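Structure file structure01.txt (compact mmCIF, C-alpha atoms) is printed below.
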# COMPACT_ATOMS: atom_id res chain seq x y z
CA MET T 226 0.42 -27.70 7.45
CA ILE T 227 2.21 -24.42 6.93
CA ARG T 228 4.15 -22.38 9.47
CA PHE T 229 4.65 -18.62 9.46
CA ASP T 230 7.28 -16.84 11.55
CA ILE T 231 6.67 -13.10 11.68
CA LEU T 232 9.46 -10.72 12.76
CA SER T 233 8.23 -7.33 13.92
CA ILE T 234 8.95 -4.62 16.47
CA PHE T 235 5.18 -4.45 17.12
CA PRO T 236 4.06 -8.11 17.43
CA GLU T 237 1.07 -7.01 19.53
CA MET T 238 -0.55 -5.68 16.34
CA PHE T 239 -1.27 -9.27 15.27
CA ALA T 240 -3.24 -10.38 18.34
CA SER T 241 -6.76 -9.70 17.07
CA PRO T 242 -6.49 -10.55 13.34
CA LEU T 243 -4.83 -13.90 14.00
CA ASN T 244 -7.36 -14.95 16.62
CA CYS T 245 -10.58 -14.44 14.68
CA SER T 246 -12.66 -16.31 12.14
CA ILE T 247 -10.97 -18.63 9.62
CA LEU T 248 -7.40 -18.07 10.80
CA LYS T 249 -8.34 -18.87 14.37
CA ARG T 250 -10.02 -22.13 13.35
CA ALA T 251 -7.12 -23.04 11.06
CA ARG T 252 -4.68 -22.61 13.95
CA GLU T 253 -6.87 -24.62 16.31
CA LYS T 254 -7.02 -27.45 13.76
CA GLY T 255 -3.25 -27.44 13.39
CA LEU T 256 -3.45 -26.56 9.69
CA VAL T 257 -1.63 -23.26 10.12
CA GLU T 258 0.98 -22.35 12.71
CA ILE T 259 1.86 -18.70 13.31
CA ARG T 260 4.67 -17.58 15.59
CA LEU T 261 5.43 -13.96 16.40
CA HIS T 262 8.92 -12.74 17.19
CA ASN T 263 9.83 -9.34 18.61
CA ILE T 264 12.95 -8.08 16.83
CA ARG T 265 13.78 -6.00 19.93
CA ASP T 266 14.45 -9.23 21.82
CA TYR T 267 17.49 -9.73 19.59
CA ALA T 268 19.00 -6.28 20.10
CA GLU T 269 22.01 -6.53 22.43
CA ASP T 270 22.38 -2.92 23.65
CA LYS T 271 20.70 -1.91 26.90
CA HIS T 272 18.10 0.22 25.12
CA LYS T 273 17.10 -2.61 22.75
CA MET T 274 17.60 -0.38 19.72
CA THR T 275 16.47 -1.81 16.39
CA ASP T 276 17.03 1.35 14.30
CA ASP T 277 19.65 4.04 13.80
CA ALA T 278 20.34 7.16 11.74
CA PRO T 279 21.32 6.51 8.10
CA TYR T 280 24.92 6.80 6.97
CA GLY T 281 25.31 9.80 4.70
CA GLY T 282 22.62 11.79 6.49
CA GLY T 283 18.97 12.31 5.63
CA GLY T 284 15.67 12.10 7.43
CA GLY T 285 14.20 9.16 9.25
CA MET T 286 15.71 6.07 10.78
CA VAL T 287 16.85 2.76 9.30
CA MET T 288 16.26 -0.67 10.81
CA LYS T 289 19.54 -2.26 11.87
CA VAL T 290 20.87 -5.44 10.31
CA GLU T 291 22.22 -7.07 13.49
CA PRO T 292 18.94 -7.72 15.39
CA ILE T 293 17.29 -9.10 12.26
CA ASP T 294 20.26 -11.36 11.54
CA ARG T 295 20.29 -12.65 15.13
CA ALA T 296 16.55 -13.25 15.04
CA LEU T 297 16.81 -15.29 11.84
CA ALA T 298 19.78 -17.26 13.15
CA SER T 299 17.80 -18.17 16.26
CA ILE T 300 14.46 -18.88 14.59
CA VAL T 301 15.66 -20.64 11.43
CA PRO T 302 19.22 -21.87 11.98
CA GLU T 303 18.76 -24.14 8.96
CA ARG T 304 17.49 -22.11 5.99
CA ASP T 305 16.87 -25.04 3.65
CA GLY T 306 13.19 -25.25 2.74
CA VAL T 307 12.38 -21.92 4.40
CA LEU T 308 11.17 -18.96 2.33
CA THR T 309 12.27 -15.66 3.90
CA ILE T 310 10.41 -12.56 2.74
CA LEU T 311 11.10 -8.89 3.38
CA LEU T 312 7.98 -6.72 3.24
CA THR T 313 8.92 -3.50 1.47
CA PRO T 314 7.38 -1.04 -1.02
CA GLN T 315 10.27 -1.89 -3.37
CA GLY T 316 9.31 -5.57 -3.67
CA GLU T 317 7.32 -7.54 -6.23
CA THR T 318 3.61 -6.78 -6.08
CA PHE T 319 1.79 -9.55 -4.22
CA SER T 320 -0.74 -11.46 -6.31
CA GLN T 321 -3.01 -14.48 -6.18
CA LYS T 322 -0.52 -16.39 -8.30
CA MET T 323 2.20 -15.59 -5.78
CA ALA T 324 -0.06 -16.72 -2.93
CA GLU T 325 -0.65 -20.04 -4.71
CA GLU T 326 3.09 -20.56 -5.20
CA MET T 327 3.86 -19.74 -1.57
CA SER T 328 1.08 -22.00 -0.26
CA LEU T 329 3.23 -24.94 -1.38
CA CYS T 330 5.94 -23.95 1.13
CA SER T 331 6.03 -25.60 4.54
CA ARG T 332 7.57 -22.61 6.31
CA ILE T 333 7.61 -18.88 5.56
CA VAL T 334 9.39 -16.11 7.46
CA LEU T 335 8.02 -12.58 7.09
CA ILE T 336 10.18 -9.60 8.09
CA CYS T 337 8.17 -6.44 8.72
CA GLY T 338 10.04 -3.32 7.67
CA ARG T 339 9.54 0.04 9.40
CA TYR T 340 10.66 3.67 9.29
CA GLU T 341 12.70 4.62 6.21
CA GLY T 342 13.38 0.94 5.54
CA VAL T 343 15.92 -1.68 6.50
CA ASP T 344 19.69 -1.77 6.18
CA GLU T 345 20.43 -2.83 2.59
CA ARG T 346 22.46 -5.79 3.88
CA VAL T 347 19.23 -7.44 5.00
CA ARG T 348 17.96 -7.63 1.43
CA ASP T 349 21.39 -8.44 0.05
CA HIS T 350 22.19 -11.36 2.36
CA LEU T 351 19.27 -12.46 4.53
CA VAL T 352 16.10 -12.74 2.43
CA ASP T 353 14.95 -14.77 -0.55
CA ARG T 354 12.27 -12.44 -1.80
CA GLU T 355 10.93 -8.90 -1.38
CA VAL T 356 7.18 -8.33 -1.52
CA SER T 357 4.99 -5.23 -1.71
CA MET T 358 1.20 -4.96 -1.46
CA GLY T 359 1.03 -2.26 -4.12
CA ASP T 360 2.08 1.21 -5.13
CA PHE T 361 1.36 2.89 -1.81
CA ILE T 362 3.19 3.35 1.48
CA LEU T 363 2.19 1.88 4.84
CA THR T 364 3.71 2.77 8.20
CA GLY T 365 5.16 -0.71 8.43
CA GLY T 366 5.06 -4.23 7.08
CA GLU T 367 2.71 -5.60 9.73
CA LEU T 368 -0.50 -5.06 7.76
CA SER T 369 1.15 -6.56 4.69
CA ALA T 370 2.17 -9.61 6.71
CA MET T 371 -1.41 -10.10 7.89
CA MET T 372 -2.70 -9.94 4.32
CA ILE T 373 -0.11 -12.44 3.08
CA VAL T 374 -0.81 -14.89 5.92
CA ASP T 375 -4.54 -14.67 5.23
CA ALA T 376 -4.20 -15.05 1.45
CA ILE T 377 -1.89 -18.06 1.71
CA SER T 378 -3.63 -19.79 4.63
CA ARG T 379 -6.99 -19.95 2.88
CA LEU T 380 -5.32 -22.01 0.13
CA VAL T 381 -4.18 -24.69 2.58
CA PRO T 382 -6.44 -27.76 2.20
CA GLY T 383 -9.02 -27.92 4.98
CA VAL T 384 -8.78 -24.27 6.03
CA LEU T 385 -11.90 -23.16 4.17
CA GLY T 386 -15.17 -24.86 5.02
CA ASN T 387 -15.75 -25.49 1.33
CA ASP T 388 -12.61 -26.46 -0.57
CA GLU T 389 -14.32 -25.45 -3.82
CA SER T 390 -14.37 -21.81 -2.70
CA ALA T 391 -10.72 -20.90 -3.24
CA PRO T 392 -10.37 -22.12 -6.86
CA SER T 393 -13.39 -20.06 -7.93
CA ASP T 394 -12.34 -16.84 -6.21
CA SER T 395 -11.53 -13.70 -8.15
CA PHE T 396 -8.03 -13.85 -9.69
CA SER T 397 -7.67 -17.61 -9.09
CA MET T 398 -8.77 -18.33 -12.67
CA GLY T 399 -7.30 -15.13 -14.07
CA THR T 400 -10.64 -13.32 -14.09
CA LEU T 401 -12.92 -11.63 -11.57
CA GLU T 402 -15.56 -13.76 -9.90
CA TYR T 403 -19.16 -13.86 -11.09
CA PRO T 404 -21.98 -12.16 -9.07
CA HIS T 405 -23.44 -13.96 -6.05
CA TYR T 406 -27.01 -13.96 -4.73
CA THR T 407 -28.86 -15.62 -1.85
CA ARG T 408 -32.35 -15.57 -0.30
CA PRO T 409 -34.76 -13.84 -0.66
CA SER T 410 -35.12 -14.03 -4.43
CA ASP T 411 -37.15 -10.82 -4.44
CA TYR T 412 -36.15 -7.99 -2.12
CA ARG T 413 -37.82 -4.61 -2.64
CA GLY T 414 -38.33 -5.58 -6.25
CA TRP T 415 -34.63 -6.33 -6.72
CA LEU T 416 -34.73 -9.75 -8.33
CA VAL T 417 -32.23 -12.57 -8.47
CA PRO T 418 -31.50 -13.53 -12.11
CA GLU T 419 -34.01 -16.15 -13.18
CA ILE T 420 -31.32 -18.51 -14.45
CA LEU T 421 -30.02 -19.05 -10.91
CA LEU T 422 -33.44 -20.30 -9.80
CA SER T 423 -33.84 -22.69 -12.74
CA GLY T 424 -31.99 -25.67 -11.29
CA ASN T 425 -30.24 -26.18 -14.65
CA HIS T 426 -26.64 -26.47 -13.48
CA ARG T 427 -25.15 -26.50 -16.96
CA GLU T 428 -26.84 -23.23 -17.88
CA ILE T 429 -25.96 -21.73 -14.50
CA GLN T 430 -22.29 -22.54 -15.05
CA ALA T 431 -22.41 -20.98 -18.51
CA TRP T 432 -24.08 -17.85 -17.09
CA ARG T 433 -21.49 -17.57 -14.34
CA ARG T 434 -18.61 -17.84 -16.80
CA MET T 435 -20.18 -15.19 -19.03
CA GLU T 436 -20.71 -12.83 -16.09
CA SER T 437 -17.16 -13.45 -14.86
CA LEU T 438 -15.80 -12.47 -18.27
CA ARG T 439 -18.16 -9.49 -18.53
CA ARG T 440 -17.17 -8.17 -15.11
CA THR T 441 -13.48 -8.62 -15.86
CA TYR T 442 -13.79 -6.87 -19.22
CA LEU T 443 -15.62 -3.90 -17.68
CA ARG T 444 -13.63 -3.57 -14.46
CA ARG T 445 -10.19 -5.10 -14.99
CA PRO T 446 -9.56 -5.60 -18.72
CA ASP T 447 -5.83 -5.81 -17.98
CA LEU T 448 -6.40 -9.22 -16.40
CA LEU T 449 -7.63 -10.66 -19.68
CA GLU T 450 -4.21 -10.18 -21.23
CA LYS T 451 -2.78 -12.86 -18.92
CA ALA T 452 -5.86 -15.03 -18.36
CA THR T 453 -6.10 -18.53 -19.81
CA LEU T 454 -9.09 -18.32 -22.15
CA SER T 455 -10.76 -21.06 -24.13
CA ASN T 456 -12.10 -20.56 -27.65
CA GLU T 457 -15.57 -20.37 -26.14
CA ASP T 458 -14.40 -17.68 -23.72
CA ARG T 459 -13.08 -15.64 -26.64
CA LYS T 460 -16.41 -15.92 -28.47
CA ILE T 461 -18.22 -14.75 -25.34
CA LEU T 462 -15.86 -11.82 -24.99
CA GLU T 463 -16.45 -10.77 -28.58
CA GLU T 464 -20.19 -10.65 -27.89
CA ILE T 465 -19.63 -8.70 -24.69
CA LYS T 466 -17.46 -6.17 -26.52
CA LYS T 467 -20.12 -5.69 -29.22
CA ASN T 468 -22.72 -4.85 -26.58
CA HIS T 469 -20.61 -2.36 -24.63
What is this file in structure tokens?
Amino acid sequence: MIRFDILSIFPEMFASPLNCSILKRAREKGLVEIRLHNIRDYAEDKHKMTDDAPYGGGGGMVMKVEPIDRALASIVPERDGVLTILLTPQGETFSQKMAEEMSLCSRIVLICGRYEGVDERVRDHLVDREVSMGDFILTGGELSAMMIVDAISRLVPGVLGNDESAPSDSFSMGTLEYPHYTRPSDYRGWLVPEILLSGNHREIQAWRRMESLRRTYLRRPDLLEKATLSNEDRKILEEIKKNH
């Protein structure tokens, strides 16, 4: 079981995504626990302010350190064994490998940044890691938190209906996933590859690996630089390169 604590000034944004489909079932089974915390509840002034103007001037507002610190002190008084993440465009780019590493944690705290960002003392003293979803800017860290919870939760044993699904997903093996087909085998003359109807599982597996490598080479060749490839994979890639 894994527990997520999400700190946000807009916790209501999570209501629908966390109560649908796989995440809903995972929570009902007790495989994933998700708790939402409103950072405003930890602001001590009468207006419940969680942001203020930046020192030195400039546009926008900055999230204050005090409410975040109080929230963490209340939610995770003992930090041992807890991974605390700040969601920020300046962080490491989230990846499948990162999701796999984090799925081994028993408890993860996600702090959703907003506005121009958070007081630098949050990243200096209160978090273990900073994570970004990519080279683009969102209005806040809430959507990023949802993506991280989803990506990690599906790796928890028992969350997916078929535990073989996650290891074969795109990126899990360093390459993109092979094409999928289902019934009917002939739709408007668009045919399913004959090999998939053959019943020869060894040949099907070989075809799937070849198509995975072909798709990766054509769409994301950068992934092949880091992928773990067998000698057979390299031979297949050489043939693919000759034909494209």
Determine, for each residue of stretch 255-290 of chain T having at least one atom at most 8 Å from an atom of stretch 231-247 of chain T, the closest pair of atoms and their separation in Å to one decimal, counting all atoms listed in the file; order by chain and ascending number, as CSV.
residue,atom,partner,partner_atom,distance
T:Ile259,CA,T:Ile231,CA,7.6
T:Arg260,CA,T:Ile231,CA,6.3
T:Leu261,CA,T:Ile231,CA,5.0
T:His262,CA,T:Leu232,CA,4.9
T:Asn263,CA,T:Ile234,CA,5.3
T:Ile264,CA,T:Ile234,CA,5.3
T:Arg265,CA,T:Ile234,CA,6.1
Item to check | Nearest to T:Glu355 by atom-to-atom distance, counting all atoms listed in the file, from T:Leu335, T:Leu311, T:Val381, T:Met372 | outcome: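 When distances to T:Glu355 are compared using all atoms listed in the file, the smallest one comes from T:Leu311.
Nearest residue to T:Arg379, choosing from T:Arg413, T:Arg348, T:Arg252, T:Glu463 and counting all atoms listed in the file: T:Arg252.
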Next on the checklist: So, with only C-alpha atoms as the atoms that count, which of T:Leu385, T:Val343, T:Ile300, T:Ile362 lies closest to T:Met288?
Outcome noted: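 Of T:Leu385, T:Val343, T:Ile300, T:Ile362, the one nearest T:Met288, counting only C-alpha atoms, is T:Val343.
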Checklist outcome for this item: One residue among T:Leu443, T:Leu416, T:Val334, T:Leu421 is nearest to T:Ala298 when using all atoms listed in the file, and that residue is T:Val334
Checklist outcome for this item: Here atom CA of T:Thr313 and atom CA of T:Pro382 stand apart by 28.7 Å
Next on the checklist: So, with all atoms listed in the file as the atoms that count, which of T:Arg228, T:Lys460, T:Lys289, T:Lys466 lies closest to T:Tyr340?
Outcome noted: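 With all atoms listed in the file as the atom set, the closest residue is T:Lys289.
With atom CA of T:Asp411 on one side and atom CA of T:Ser423 on the other, the separation reads 14.9 Å.
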Next on the checklist: If I take atom CA of T:Arg295 and atom CA of T:Arg346, how far is one from the other in Å, to one decimal?
Outcome noted: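 Separating atom CA of T:Arg295 from atom CA of T:Arg346 is a distance of 13.4 Å.
The shortest atom-to-atom distance to T:Ile465, with only C-alpha atoms taken into account, belongs to T:Met435 out of T:Met435, T:Gly365, T:Glu450, T:Arg332.
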Next on the checklist: as a list in words, please: the residues near T:Gly306 (cut-off 9 Å, only C-alpha atoms, same-chain neighbours under 2 positions excluded).
Outcome noted: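 Residues near the query, excluding close chain neighbours: Glu303, Arg304, Leu308, Cys330, Ser331, Arg332 and Ile333 of chain T.
For T:Val356, the set of protein, DNA and RNA residues having any atom at most 8 Å away, when counting all atoms listed in the file and skipping those fewer than 5 positions along the same chain, is Ile310, Leu311, Leu312, Thr313, Pro314, Gln315, Gly316, Glu317, Thr318 and Phe319 of chain T.
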